[in-house]
Amino acid sequence: MKRALIVGGGPVDPRQLREELARKPELIIAADRGGHALLGVGRHPHLAVGDFDSLPEADRSALAAAGVRMLSFPAAKDETDLELALDSAVAEGAEDIRILGGLGRRIDHTLGNIGLLLRAAELGSAARLLDPDHELLLAGRALTLPARPGWALSLIPLTPKVCGVRTGGLAFPLCGEELYLARPRGIHNEFCAATATIEVAEGILLVVLFRESPVPG
């Protein structure tokens with residue numbers, strides 16, 4: 001399975017970026033200002049995508065001088081830079097896509113980027129949005145998650161109703177029940193086993209893992 005790391009233009013924690021790079025993704029894509037974050041930790045992407053309206057000219061020149069492939073788009077376009085980066089990752093054969101710089105600062109961007117998880121699934125890939133305190137992904141029909149000390153999770157419908165939700169390894173289990181977007185019953189659950197399982201019969205369920213304990217160090 002080809003793995004990709006996309007670095008967007010939102011807030012990016014340098015330590016987390018280094019950790020993601022240490023996972024050795026086969027494809028690294030910078031979405032516009034994401035190139036600045038990568039240069040800040042001494043790395044170049046394989047591909048830079050966007051209209052580059054928020055990437056300093058010095059950074060753009062540095063990426064071009066390093067031989068990075070640059071896909072430039074006009075500012076007046078229908079897609080966001082992160083959507084273009086996601087489409088590029090899928091076109092390059094990535095099936096496992098991790099995205100930094102897609103959360104925080106602006107709620108409209110965050111909500112739009114959650115929608116990109118749906119787009120990735122429609123294109124046959126799995127994507128995750130990450131920052132130091134959150135990890136967002138879709139449950140699909142079945143999902144297994146390892147427990148994380150100091151972390152909890154919420155289950156949020158992205159469709160008006162999600163049917164047949166079954167969970168295991170969580171403190172507050174669901175046994176084939178329904179979750180509704182208008183009734184946030186799935187907010188804040190806790191791991192009570194080494195792994196948790198989530199099954200969905202119908203609908204789209206967002207899993208939000210979040211840190212309850214402070215980041216060590």
# chains A, B, ... in the order shown; residues from 1 in each chain; ligands from 1
>>> closest_atom_pairs(of="region 11-74 of chain A", to="region 195-217 of chain A", cutoff="12 Å", atoms="only C-alpha atoms", output="Markdown table")
| residue | atom | partner | partner_atom | distance |
| --- | --- | --- | --- | --- |
| A:Asp13 | CA | A:Val215 | CA | 11.9 |
| A:Arg15 | CA | A:Val215 | CA | 11.2 |
| A:Gln16 | CA | A:Val215 | CA | 11.1 |
>>> write_last_selection(atoms="N, CA, C and O atoms", output="mmCIF file, in the first residue's frame")
data_model
loop_
_atom_site.group_PDB
_atom_site.id
_atom_site.type_symbol
_atom_site.label_atom_id
_atom_site.label_comp_id
_atom_site.auth_asym_id
_atom_site.auth_seq_id
_atom_site.Cartn_x
_atom_site.Cartn_y
_atom_site.Cartn_z
ATOM 1 N N ASP A 13 2.838 21.434 13.427
ATOM 2 C CA ASP A 13 3.783 21.314 14.523
ATOM 3 C C ASP A 13 5.062 20.657 14.004
ATOM 4 O O ASP A 13 5.014 19.538 13.475
ATOM 5 N N ARG A 15 7.552 19.147 15.399
ATOM 6 C CA ARG A 15 7.867 17.837 15.968
ATOM 7 C C ARG A 15 6.988 16.756 15.337
ATOM 8 O O ARG A 15 7.485 15.673 14.975
ATOM 9 N N GLN A 16 5.701 17.042 15.196
ATOM 10 C CA GLN A 16 4.819 16.053 14.572
ATOM 11 C C GLN A 16 5.207 15.822 13.112
ATOM 12 O O GLN A 16 5.156 14.691 12.624
#
>>> select_by_dssp(residues="region 35-87 of chain A", states="strand (DSSP E)", output="ChimeraX atom specification")
/A:47-50,69-72
>>> write_last_selection(atoms="all heavy atoms", output="PDB file, in the first residue's frame")
ATOM      1  N   LEU A  47       6.454  16.675  -4.518  1.00  0.00           N
ATOM      2  CA  LEU A  47       5.554  17.443  -5.364  1.00  0.00           C
ATOM      3  C   LEU A  47       5.000  18.616  -4.556  1.00  0.00           C
ATOM      4  O   LEU A  47       4.653  18.453  -3.385  1.00  0.00           O
ATOM      5  CB  LEU A  47       4.397  16.543  -5.836  1.00  0.00           C
ATOM      6  CG  LEU A  47       3.260  17.164  -6.643  1.00  0.00           C
ATOM      7  CD1 LEU A  47       3.764  17.676  -7.983  1.00  0.00           C
ATOM      8  CD2 LEU A  47       2.143  16.138  -6.845  1.00  0.00           C
ATOM      9  N   ALA A  48       4.912  19.784  -5.185  1.00  0.00           N
ATOM     10  CA  ALA A  48       4.274  20.955  -4.576  1.00  0.00           C
ATOM     11  C   ALA A  48       3.113  21.370  -5.467  1.00  0.00           C
ATOM     12  O   ALA A  48       3.260  21.461  -6.696  1.00  0.00           O
ATOM     13  CB  ALA A  48       5.261  22.101  -4.411  1.00  0.00           C
ATOM     14  N   VAL A  49       1.958  21.611  -4.846  1.00  0.00           N
ATOM     15  CA  VAL A  49       0.717  21.852  -5.592  1.00  0.00           C
ATOM     16  C   VAL A  49       0.028  23.093  -5.043  1.00  0.00           C
ATOM     17  O   VAL A  49       0.014  23.314  -3.833  1.00  0.00           O
ATOM     18  CB  VAL A  49      -0.233  20.639  -5.456  1.00  0.00           C
ATOM     19  CG1 VAL A  49      -1.549  20.898  -6.170  1.00  0.00           C
ATOM     20  CG2 VAL A  49       0.425  19.378  -6.005  1.00  0.00           C
ATOM     21  N   GLY A  50      -0.569  23.897  -5.922  1.00  0.00           N
ATOM     22  CA  GLY A  50      -1.387  25.007  -5.449  1.00  0.00           C
ATOM     23  C   GLY A  50      -1.246  26.237  -6.318  1.00  0.00           C
ATOM     24  O   GLY A  50      -0.592  26.221  -7.356  1.00  0.00           O
ATOM     25  N   ARG A  69       8.901  18.849  -8.225  1.00  0.00           N
ATOM     26  CA  ARG A  69       7.863  19.052  -9.232  1.00  0.00           C
ATOM     27  C   ARG A  69       6.865  20.080  -8.714  1.00  0.00           C
ATOM     28  O   ARG A  69       6.366  19.963  -7.594  1.00  0.00           O
ATOM     29  CB  ARG A  69       7.135  17.746  -9.539  1.00  0.00           C
ATOM     30  CG  ARG A  69       7.919  16.777 -10.401  1.00  0.00           C
ATOM     31  CD  ARG A  69       7.043  15.579 -10.768  1.00  0.00           C
ATOM     32  NE  ARG A  69       6.737  14.758  -9.608  1.00  0.00           N
ATOM     33  CZ  ARG A  69       5.631  14.040  -9.475  1.00  0.00           C
ATOM     34  NH1 ARG A  69       4.693  14.069 -10.405  1.00  0.00           N
ATOM     35  NH2 ARG A  69       5.444  13.298  -8.399  1.00  0.00           N
ATOM     36  N   MET A  70       6.550  21.065  -9.531  1.00  0.00           N
ATOM     37  CA  MET A  70       5.655  22.143  -9.136  1.00  0.00           C
ATOM     38  C   MET A  70       4.435  22.121 -10.051  1.00  0.00           C
ATOM     39  O   MET A  70       4.564  22.267 -11.271  1.00  0.00           O
ATOM     40  CB  MET A  70       6.361  23.492  -9.236  1.00  0.00           C
ATOM     41  CG  MET A  70       7.727  23.567  -8.549  1.00  0.00           C
ATOM     42  SD  MET A  70       7.639  23.676  -6.756  1.00  0.00           S
ATOM     43  CE  MET A  70       7.070  25.357  -6.551  1.00  0.00           C
ATOM     44  N   LEU A  71       3.265  21.915  -9.468  1.00  0.00           N
ATOM     45  CA  LEU A  71       2.010  22.004 -10.211  1.00  0.00           C
ATOM     46  C   LEU A  71       1.313  23.295  -9.804  1.00  0.00           C
ATOM     47  O   LEU A  71       0.752  23.394  -8.715  1.00  0.00           O
ATOM     48  CB  LEU A  71       1.116  20.795  -9.917  1.00  0.00           C
ATOM     49  CG  LEU A  71       1.571  19.442 -10.455  1.00  0.00           C
ATOM     50  CD1 LEU A  71       0.543  18.371 -10.111  1.00  0.00           C
ATOM     51  CD2 LEU A  71       1.777  19.501 -11.966  1.00  0.00           C
ATOM     52  N   SER A  72       1.353  24.279 -10.676  1.00  0.00           N
ATOM     53  CA  SER A  72       0.825  25.595 -10.361  1.00  0.00           C
ATOM     54  C   SER A  72      -0.558  25.780 -10.974  1.00  0.00           C
ATOM     55  O   SER A  72      -0.794  25.409 -12.131  1.00  0.00           O
ATOM     56  CB  SER A  72       1.777  26.676 -10.896  1.00  0.00           C
ATOM     57  OG  SER A  72       1.323  27.952 -10.556  1.00  0.00           O
TER      58      SER A  72
END
>>> closest_residue(among="A:Leu27, A:Leu136, A:Ala22, A:Cys163", to="Gly176 (chain A)", atoms="only C-alpha atoms")
A:Cys163
>>> residues_around(residues="Glu26 (chain A)", least_positions_apart="5", cutoff="7 Å", atoms="only C-alpha atoms", output="PyMOL selection string")
chain A and resi 2-4
>>> residues_around(residues="Asp59 (chain A)", least_positions_apart="6", cutoff="8 Å", atoms="only C-alpha atoms", output="list in words")
Gly35, His36 and Leu39 of chain A
>>> closest_residue(among="A:Leu38, A:Leu86, A:Cys192, A:Cys175", to="Arg98 (chain A)", atoms="only C-alpha atoms")
A:Leu86
>>> closest_residue(among="A:Glu19, A:Glu95, A:Asp133, A:Asp32", to="Glu83 (chain A)", atoms="only C-alpha atoms")
A:Asp32
